[in-house]
Amino acid sequence: MKNSVYRAPKGTRDLVWPDSERRRSFIDLFSAIAGSAGYAEIVLPMFEHIEVFQRLGDGTDVVSKEMYDFEDKGGRNLALRPEQTASIVRSYAEHRPSLPWKVWYAGPNFRYERAQKGRFRQFDQVGIEALGTEDAYLDVEVIAIAWRFYESLGLKQVDLLLNSVGTLQDRIRYIEALSEYFEKQKNGLSTEAQETLISNPLRVLDSKRDEDIKVVSEAPSILEYLSDEAKNHFNKVQEGLNKLKIPYSVKPNLVRGLDYYVQTTFEFTTKSIDAAQDAIGGGGRYDGLAAEMGAPATPGVGFALGLDRTLMACEAEKTFIGPGQFLQVYVVDTTGGENSLVITDELRQKGFKVDRSFGNRSMKAQMKAADKSGAKIALIIGEDEVEKGVVTIRDLRGEEGQEEIASDSVIANLEKRLG
RNA sequence: GUGACCGUAGCUCAGCUAGGUUAGAGCACCUGUUUGUGGUACAGGAUGUCGGGGGUUCAAAUCCCCUCGGUCACCCCA
C-alpha cells in the first residue's frame with residue numbers, strides 16, 4: 001500500500017470531489033472575467049523545445065535547476081513547461097496573429113523542486129497575456145483583471161506590490177550600481193547571498209535572511225535609475241490604478257525570477273495563508289521577448305495566478321467554498337433494480353442529479369446509502385409501490401416525512417420540491 | 001540541492017524510552033436489534049507484509065545502519 005511506485009509522484013496529487021469541482025469553478029470564473037475583457041482562451045502544448053524556456057534566463061533557477069527536460073525518441077530536446085508566457089510568445093512568433101492579441105489560459109505547469117506547502121511539482125496556473133502595445137494603460141487593464149478576479153472570489157487579504165525595473169538599458173545600469181554596492185558590503189551578506197550575487201545580483205534584493213535584509217535596505221533603489229521613458233510609464237500605471245481605486249504599494253526591491261521582465265512588474269501576496277509561500281500571483285511587461293524568439297519586436301504584458309495557492313487563500317478566508325450538493329435524488333429499489341434502472345435514466349434525462357445502489361441490497365442498507373449520498377430526496381420503490389402503481393417520496397433532510405405519489409407524477413413532484 | 005521532523009488498519013493515532021504470548025483504540029465500513037425506511041443507541045464482524053532492505057538478539061513495531069516516501073523550512077517561485 002505504501003510502496004513508492006503505485007502512488008502519485010512526488011509533488012503531485014489527485015484532485016477528487018469536491019476539490020476537483022472547486023478547481024473547475026475557479027477556471028470558469030476566470031474565463032468569464034477574462035472573456036469580458038476581450039481575452040480569448042488559448043490551449044498550449046504542455047511541452048516545448050527546451051530553447052523556448054531557456055529564454056527565461058540562464059541565471060534563473062527555473063531554467064538552471066527546475067526544468068523537467070527530456071529527449072524524445074526522435075532525439076529532440078524538450079521540456080515540460082515551467083510557465084506559459086514563453087509558450088504564448090512562441091505561439092505568437094509562430095502564427096503572427098493580428099494585434100492586439102489578448103489571450104487567457106489555464107492549466108498545469110511543471111517544475112522540478114522540493115515540494116512544500118503551497119508548492120508542487122505540477123501546479124495549475126491561470127493567466128492572461130496581451131501583446132501589441134506599449135501603452136501603460138494596458139498594464140493597468142491587466143492588473144485590474146487580476147484584481148477584479150480576486151474580488152470576485154471574495155478575497156480581501158490580497159496585497160498588490162508594484163515596481164518598475166526600467167528599460168533594458170536602465171536595468172543594466174542599475175545592476176552595475178547594485179553589484180558595486182553589494183561588493184563593498186559583501187561581508188555583511190550571507191554566504192548564500194554572496195553566491196547569488198555572482199549569478200544574479202537582482203535576486204539578492206529578494207533575500208529573506210535577516211542579515212541580508214539590513215544590507216538590502218540600504219542598497220540603491222531601482223527607481224533612482226529609471227530613464228524618463230520608464231518613469232513616465234511607471235507614473236501612468238500608478239495613475240491608472242488610482243483611477244480604478246485599486247490599492248497597491250510600490251516595492252522597489254520587487255524583482256521577479258524571470259529575466260524577461262522590463263518596466264512594470266507586480267506581484268500579489270496574501271496575508272491569510274499560513275505558509276512561507278505567500279505569493280499567489282505575479283506578472284509584468286516583457287517587451288523584448290517576442291524579438292528574441294524571432295518575431296518582429298512586439299511589446300507584451302501579462303500575469304499568472306497560482307490556482308492552488310489562491311484556493312488555499314480562499315480556504316483561509318472562508319470564501320469560494322466548494323460545491324454544495326452532489327446529488328439531489330437517491331432511488332431505493334427493493335424489487336430487483338429494474339424499476340430504478342428505468343426511473344434513474346428518466347430523471348437524469350430531465351437534468352436531475354440522481355444515483356442509486358446496485359447489487360440488491362436490503363432496504364436498510366439502501367436507505368443508509370441514500371443518507372450518506374447527501375441527496376435531499378429518496379424515491380422508494382418496493383413491492384407495495386409496484387402493485388399500487390406509486391412511488392414513495394421521502395424527504396431526507398427536512399421535516400416533510402414521506403408520501404406516496406403516482407408514478408407518472410414523480411417528475412412534477414420533484415420539480416416542485418427541488419425548485 | 002541543503003536542513004529538521006515524521007512513516008503502525010481506509011482515516012486519526014496509542015504501543016517504541018528500560019526488546020518478550022494471537023499488535024490495539026476511535027472514526028469509517030459491513031451485519032443485526034427493527035419479517036420494507038437513513039440520520040440516534042446498543043450488540044457483533046471484517047480489516048494490517050507495524051514504509052522497504054539489512055544487522056544485533058534466543059526473541060525486533062520497539063535497538064543500529066541503509067534506503068524509499070511524507071511534511072515543513074531554506075533556495076526559488078505560483
# chains A, B, ... in the order shown; residues from 1 in each chain; ligands from 1

call {"tool": "residues_around", "arguments": {"residues": "A:Arg309", "least_positions_apart": "5", "cutoff": "8 Å", "atoms": "only C-alpha atoms (C1' of nucleotides)", "output": "count of residues only"}}
result
5

call {"tool": "interface_residues", "arguments": {"of": "chain B", "to": "chain A", "cutoff": "7 Å", "atoms": "only C-alpha atoms (C1' of nucleotides)", "output": "ChimeraX atom specification"}}
result
/B:36-39,51,68-69,72,76,78

call {"tool": "select_by_dssp", "arguments": {"residues": "stretch 93-294 of chain A", "states": "alpha helix (DSSP H)", "output": "ChimeraX atom specification"}}
result
/A:93-95,136-153,168-184,191-199,201-204,210-217,228-243,289-292

call {"tool": "closest_residue", "arguments": {"among": "B:C27, B:A41, B:A61, B:A46", "to": "B:G15", "atoms": "only C-alpha atoms (C1' of nucleotides)"}}
result
B:A61

call {"tool": "select_by_dssp", "arguments": {"residues": "stretch 1-155 of chain A", "states": "strand (DSSP E)", "output": "number ranges by chain"}}
result
A: 40-41, 47-49, 69-71, 77-80, 101-110, 122-131

call {"tool": "residues_around", "arguments": {"residues": "stretch 137-145 of chain A", "least_positions_apart": "6", "cutoff": "10 Å", "atoms": "only C-alpha atoms (C1' of nucleotides)", "output": "VMD selection string"}}
result
chain A and resid 30 33 to 34 36 to 37 127 to 131 151 160 162 233 to 234 236 to 246 263 to 268 282 to 285 300 to 303

call {"tool": "residues_around", "arguments": {"residues": "A:Ile42", "least_positions_apart": "2", "cutoff": "10 Å", "atoms": "only C-alpha atoms (C1' of nucleotides)", "output": "VMD selection string"}}
result
chain A and resid 39 to 40 44 88 91 102 to 106 128

call {"tool": "write_last_selection", "arguments": {"atoms": "C-alpha atoms", "output": "PDB file, in the first residue's frame"}}
result
ATOM      1  CA  TYR A  39      -9.352  37.802 -23.941  1.00  0.00           C
ATOM      2  CA  ALA A  40      -9.827  34.500 -25.766  1.00  0.00           C
ATOM      3  CA  LEU A  44      -0.907  25.300 -25.454  1.00  0.00           C
ATOM      4  CA  ILE A  88       2.467  32.095 -25.700  1.00  0.00           C
ATOM      5  CA  SER A  91       2.929  30.813 -30.417  1.00  0.00           C
ATOM      6  CA  LYS A 102      -5.229  39.060 -25.989  1.00  0.00           C
ATOM      7  CA  VAL A 103      -5.394  35.528 -24.639  1.00  0.00           C
ATOM      8  CA  TRP A 104      -6.115  33.734 -21.383  1.00  0.00           C
ATOM      9  CA  TYR A 105      -5.072  30.264 -20.329  1.00  0.00           C
ATOM     10  CA  ALA A 106      -5.438  27.725 -17.565  1.00  0.00           C
ATOM     11  CA  ILE A 128      -3.641  36.361 -19.390  1.00  0.00           C
TER      12      ILE A 128
END

call {"tool": "residues_around", "arguments": {"residues": "stretch 165-176 of chain A", "least_positions_apart": "4", "cutoff": "10 Å", "atoms": "only C-alpha atoms (C1' of nucleotides)", "output": "count of residues only"}}
result
34

call {"tool": "residues_around", "arguments": {"residues": "B:A28", "least_positions_apart": "5", "cutoff": "12 Å", "atoms": "only C-alpha atoms (C1' of nucleotides)", "output": "ChimeraX atom specification"}}
result
/A:372 /B:9-12,47

call {"tool": "atom_distance", "arguments": {"atom1": "atom C1' of B:C29", "atom2": "atom C1' of B:G44"}}
result
13.8 Å

call {"tool": "decode", "arguments": {"residues": "stretch 21-60 of chain B", "atoms": "N, CA and C atoms (P, O5', C5', C4', C3', O3' and C1' of nucleotides)", "output": "compact mmCIF listing (two decimals), in the first residue's frame"}}
result
# COMPACT_ATOMS: atom_id res chain seq x y z
P U B 21 5.22 -10.83 23.61
O5' U B 21 3.66 -10.69 23.81
C5' U B 21 2.78 -11.48 23.00
C4' U B 21 3.18 -12.92 23.07
C3' U B 21 2.37 -13.86 22.20
O3' U B 21 3.02 -13.90 20.90
C1' U B 21 2.50 -14.75 24.39
P U B 22 2.46 -14.81 19.75
O5' U B 22 1.19 -14.01 19.21
C5' U B 22 0.92 -14.01 17.81
C4' U B 22 -0.55 -13.89 17.59
C3' U B 22 -1.14 -12.52 17.93
O3' U B 22 -1.06 -11.66 16.81
C1' U B 22 -2.52 -14.28 18.76
P A B 23 -0.27 -10.34 16.83
O5' A B 23 -1.06 -9.44 17.87
C5' A B 23 -0.37 -8.89 18.99
C4' A B 23 -0.57 -7.40 19.01
C3' A B 23 -1.96 -6.95 18.56
O3' A B 23 -2.82 -6.98 19.68
C1' A B 23 -0.28 -5.59 17.58
P G B 24 -4.32 -7.48 19.60
O5' G B 24 -5.16 -6.32 20.29
C5' G B 24 -5.74 -5.32 19.51
C4' G B 24 -5.67 -4.03 20.27
C3' G B 24 -6.69 -3.01 19.83
O3' G B 24 -7.93 -3.22 20.49
C1' G B 24 -4.56 -2.01 19.90
P A B 25 -9.29 -2.85 19.75
O5' A B 25 -9.38 -1.28 20.04
C5' A B 25 -9.42 -0.81 21.38
C4' A B 25 -9.40 0.69 21.38
C3' A B 25 -10.41 1.35 20.47
O3' A B 25 -11.68 1.44 21.08
C1' A B 25 -8.30 2.37 20.16
P G B 26 -12.99 1.41 20.20
O5' G B 26 -13.03 2.88 19.59
C5' G B 26 -13.25 4.01 20.45
C4' G B 26 -13.03 5.28 19.66
C3' G B 26 -13.83 5.37 18.36
O3' G B 26 -15.14 5.84 18.59
C1' G B 26 -11.57 5.93 17.93
P C B 27 -16.32 5.35 17.63
O5' C B 27 -15.96 6.06 16.24
C5' C B 27 -16.07 7.48 16.08
C4' C B 27 -15.52 7.91 14.74
C3' C B 27 -16.16 7.25 13.53
O3' C B 27 -17.38 7.88 13.17
C1' C B 27 -13.82 7.20 13.30
P A B 28 -18.55 7.00 12.48
O5' A B 28 -17.88 6.49 11.12
C5' A B 28 -17.69 7.39 10.03
C4' A B 28 -16.98 6.69 8.90
C3' A B 28 -17.65 5.41 8.41
O3' A B 28 -18.68 5.69 7.48
C1' A B 28 -15.36 4.99 8.76
P C B 29 -19.94 4.70 7.38
O5' C B 29 -19.28 3.35 6.88
C5' C B 29 -18.73 3.25 5.56
C4' C B 29 -18.21 1.85 5.34
C3' C B 29 -19.21 0.75 5.61
O3' C B 29 -20.06 0.55 4.49
C1' C B 29 -17.16 0.21 6.65
P C B 30 -21.62 0.27 4.74
O5' C B 30 -21.64 -1.28 5.11
C5' C B 30 -21.24 -2.25 4.13
C4' C B 30 -21.13 -3.60 4.78
C3' C B 30 -22.36 -4.04 5.57
O3' C B 30 -23.34 -4.60 4.72
C1' C B 30 -20.43 -4.41 6.88
P U B 31 -24.89 -4.48 5.14
O5' U B 31 -25.01 -5.50 6.36
C5' U B 31 -24.87 -6.90 6.14
C4' U B 31 -24.99 -7.63 7.45
C3' U B 31 -26.23 -7.32 8.27
O3' U B 31 -27.36 -8.02 7.81
C1' U B 31 -24.35 -7.31 9.69
P G B 32 -28.82 -7.44 8.06
O5' G B 32 -29.02 -7.57 9.63
C5' G B 32 -29.25 -8.85 10.21
C4' G B 32 -29.12 -8.78 11.71
C3' G B 32 -30.18 -7.97 12.44
O3' G B 32 -31.37 -8.73 12.60
C1' G B 32 -28.06 -7.47 13.34
P U B 33 -32.76 -8.05 12.78
O5' U B 33 -32.67 -7.42 14.24
C5' U B 33 -32.71 -8.28 15.38
C4' U B 33 -32.62 -7.46 16.64
C3' U B 33 -33.70 -6.41 16.79
O3' U B 33 -34.87 -6.99 17.37
C1' U B 33 -31.58 -5.47 17.33
P U B 34 -36.34 -6.41 17.15
O5' U B 34 -37.17 -6.64 15.84
C5' U B 34 -36.59 -6.78 14.58
C4' U B 34 -36.97 -5.53 13.76
C3' U B 34 -36.23 -5.49 12.45
O3' U B 34 -37.20 -5.62 11.41
C1' U B 34 -36.12 -3.38 13.58
P U B 35 -37.53 -7.23 10.99
O5' U B 35 -38.46 -7.02 9.70
C5' U B 35 -37.98 -7.51 8.47
C4' U B 35 -38.89 -8.62 7.98
C3' U B 35 -40.32 -8.18 7.68
O3' U B 35 -40.40 -7.65 6.38
C1' U B 35 -40.34 -10.21 8.87
P G B 36 -41.29 -6.52 5.98
O5' G B 36 -40.15 -5.51 6.48
C5' G B 36 -38.92 -5.49 5.87
C4' G B 36 -38.72 -4.17 5.19
C3' G B 36 -38.99 -2.96 6.08
O3' G B 36 -37.76 -2.62 6.69
C1' G B 36 -39.86 -2.68 3.86
P U B 37 -37.71 -1.60 7.92
O5' U B 37 -37.25 -0.25 7.24
C5' U B 37 -35.89 -0.05 6.84
C4' U B 37 -35.70 1.44 6.61
C3' U B 37 -36.08 2.27 7.83
O3' U B 37 -34.98 3.11 8.17
C1' U B 37 -37.19 3.05 5.87
P G B 38 -33.91 2.71 9.22
O5' G B 38 -32.75 3.72 8.82
C5' G B 38 -31.72 3.31 7.93
C4' G B 38 -30.94 4.51 7.47
C3' G B 38 -30.57 5.48 8.59
O3' G B 38 -29.39 5.05 9.22
C1' G B 38 -31.44 6.67 6.75
P G B 39 -29.22 5.26 10.80
O5' G B 39 -28.91 6.81 10.95
C5' G B 39 -27.70 7.38 10.41
C4' G B 39 -27.85 8.88 10.44
C3' G B 39 -28.11 9.44 11.84
O3' G B 39 -26.89 9.91 12.40
C1' G B 39 -29.71 10.28 10.28
P U B 40 -26.08 8.92 13.45
O5' U B 40 -26.94 8.92 14.78
C5' U B 40 -26.92 10.04 15.66
C4' U B 40 -27.67 9.69 16.91
C3' U B 40 -27.21 8.42 17.61
O3' U B 40 -26.07 8.66 18.43
C1' U B 40 -29.56 8.42 17.46
P A B 41 -24.99 7.50 18.66
O5' A B 41 -25.81 6.45 19.55
C5' A B 41 -26.24 6.79 20.86
C4' A B 41 -27.01 5.64 21.45
C3' A B 41 -26.26 4.31 21.44
O3' A B 41 -25.39 4.20 22.54
C1' A B 41 -28.46 3.99 20.61
P C B 42 -24.00 3.40 22.40
O5' C B 42 -24.45 1.88 22.49
C5' C B 42 -25.06 1.39 23.67
C4' C B 42 -25.69 0.05 23.39
C3' C B 42 -24.76 -1.00 22.81
O3' C B 42 -23.95 -1.62 23.79
C1' C B 42 -26.78 -0.99 21.59
P A B 43 -22.50 -2.18 23.40
O5' A B 43 -22.86 -3.50 22.58
C5' A B 43 -23.49 -4.60 23.23
C4' A B 43 -23.80 -5.67 22.24
C3' A B 43 -22.62 -6.13 21.38
O3' A B 43 -21.78 -7.05 22.05
C1' A B 43 -24.50 -5.79 20.01
P G B 44 -20.23 -7.10 21.72
O5' G B 44 -20.18 -7.71 20.25
C5' G B 44 -20.41 -9.10 20.07
C4' G B 44 -20.68 -9.40 18.62
C3' G B 44 -19.50 -9.26 17.66
O3' G B 44 -18.62 -10.37 17.72
C1' G B 44 -21.42 -8.30 16.68
P G B 45 -17.09 -10.20 17.33
O5' G B 45 -17.16 -10.00 15.75
C5' G B 45 -17.62 -11.06 14.90
C4' G B 45 -17.65 -10.60 13.47
C3' G B 45 -16.30 -10.16 12.91
O3' G B 45 -15.54 -11.27 12.48
C1' G B 45 -17.97 -8.59 12.31
P A B 46 -13.97 -11.21 12.49
O5' A B 46 -13.64 -10.46 11.12
C5' A B 46 -13.95 -11.08 9.87
C4' A B 46 -13.77 -10.07 8.76
C3' A B 46 -12.39 -9.40 8.71
O3' A B 46 -11.44 -10.20 8.06
C1' A B 46 -14.07 -7.75 8.56
P U B 47 -9.98 -10.29 8.65
O5' U B 47 -9.35 -8.88 8.24
C5' U B 47 -9.39 -8.45 6.88
C4' U B 47 -9.08 -6.98 6.82
C3' U B 47 -7.78 -6.55 7.51
O3' U B 47 -6.67 -6.80 6.67
C1' U B 47 -9.52 -5.02 8.02
P G B 48 -5.56 -7.83 7.15
O5' G B 48 -4.24 -7.04 6.74
C5' G B 48 -4.29 -5.78 6.09
C4' G B 48 -3.34 -4.85 6.82
C3' G B 48 -1.90 -5.33 6.78
O3' G B 48 -1.17 -4.44 5.94
C1' G B 48 -2.60 -4.64 8.98
P U B 49 -0.82 -4.82 4.46
O5' U B 49 0.34 -5.86 4.72
C5' U B 49 1.51 -5.37 5.27
C4' U B 49 2.26 -6.51 5.84
C3' U B 49 3.62 -5.98 6.27
O3' U B 49 3.52 -5.81 7.69
C1' U B 49 3.89 -7.62 4.55
P C B 50 4.55 -5.48 8.72
O5' C B 50 3.93 -4.21 9.43
C5' C B 50 3.84 -2.92 8.77
C4' C B 50 4.01 -1.85 9.82
C3' C B 50 5.47 -1.74 10.28
O3' C B 50 6.20 -0.71 9.60
C1' C B 50 3.95 -2.01 12.13
P G B 51 6.36 0.73 9.63
O5' G B 51 6.33 1.12 8.09
C5' G B 51 5.20 0.82 7.30
C4' G B 51 5.57 0.84 5.85
C3' G B 51 6.71 -0.08 5.45
O3' G B 51 6.27 -1.39 5.22
C1' G B 51 7.10 2.07 4.57
P G B 52 7.20 -2.63 5.67
O5' G B 52 8.35 -2.63 4.57
C5' G B 52 8.05 -2.93 3.20
C4' G B 52 9.30 -2.80 2.36
C3' G B 52 10.50 -3.60 2.87
O3' G B 52 10.46 -4.95 2.44
C1' G B 52 11.17 -1.40 2.38
P G B 53 11.12 -6.07 3.35
O5' G B 53 12.69 -5.79 3.16
C5' G B 53 13.31 -6.03 1.89
C4' G B 53 14.76 -5.63 1.94
C3' G B 53 15.59 -6.25 3.05
O3' G B 53 16.01 -7.57 2.75
C1' G B 53 16.03 -3.94 2.96
P G B 54 16.21 -8.61 3.95
O5' G B 54 17.53 -8.05 4.66
C5' G B 54 18.80 -8.22 4.03
C4' G B 54 19.85 -7.39 4.73
C3' G B 54 20.19 -7.80 6.16
O3' G B 54 21.03 -8.92 6.24
C1' G B 54 19.95 -5.45 6.05
P G B 55 20.90 -9.89 7.51
O5' G B 55 21.52 -9.01 8.67
C5' G B 55 22.90 -8.64 8.63
C4' G B 55 23.21 -7.67 9.74
C3' G B 55 23.06 -8.22 11.16
O3' G B 55 24.17 -8.99 11.55
C1' G B 55 22.11 -6.05 11.02
P U B 56 23.96 -10.19 12.62
O5' U B 56 23.70 -9.41 13.97
C5' U B 56 24.73 -8.63 14.57
C4' U B 56 24.25 -8.01 15.85
C3' U B 56 23.59 -8.99 16.82
O3' U B 56 24.54 -9.70 17.60
C1' U B 56 22.23 -7.07 16.60
P U B 57 24.43 -11.33 17.70
O5' U B 57 23.11 -11.52 18.59
C5' U B 57 23.05 -10.98 19.90
C4' U B 57 21.65 -11.09 20.43
C3' U B 57 21.02 -12.47 20.30
O3' U B 57 21.44 -13.35 21.32
C1' U B 57 19.48 -10.81 19.61
P C B 58 21.71 -14.90 20.90
O5' C B 58 20.26 -15.54 20.76
C5' C B 58 20.09 -16.79 20.09
C4' C B 58 18.65 -17.21 20.20
C3' C B 58 17.64 -16.16 19.76
O3' C B 58 17.44 -16.22 18.36
C1' C B 58 17.01 -17.00 21.87
P A B 59 17.29 -14.89 17.49
O5' A B 59 15.95 -14.24 18.08
C5' A B 59 14.69 -14.84 17.75
C4' A B 59 13.58 -14.12 18.49
C3' A B 59 13.49 -12.63 18.22
O3' A B 59 12.74 -12.37 17.04
C1' A B 59 13.35 -13.03 20.55
P A B 60 13.05 -11.11 16.12
O5' A B 60 12.59 -9.85 16.99
C5' A B 60 11.21 -9.64 17.31
C4' A B 60 10.91 -8.16 17.15
C3' A B 60 10.94 -7.68 15.70
O3' A B 60 9.91 -6.73 15.46
C1' A B 60 12.58 -6.53 16.95
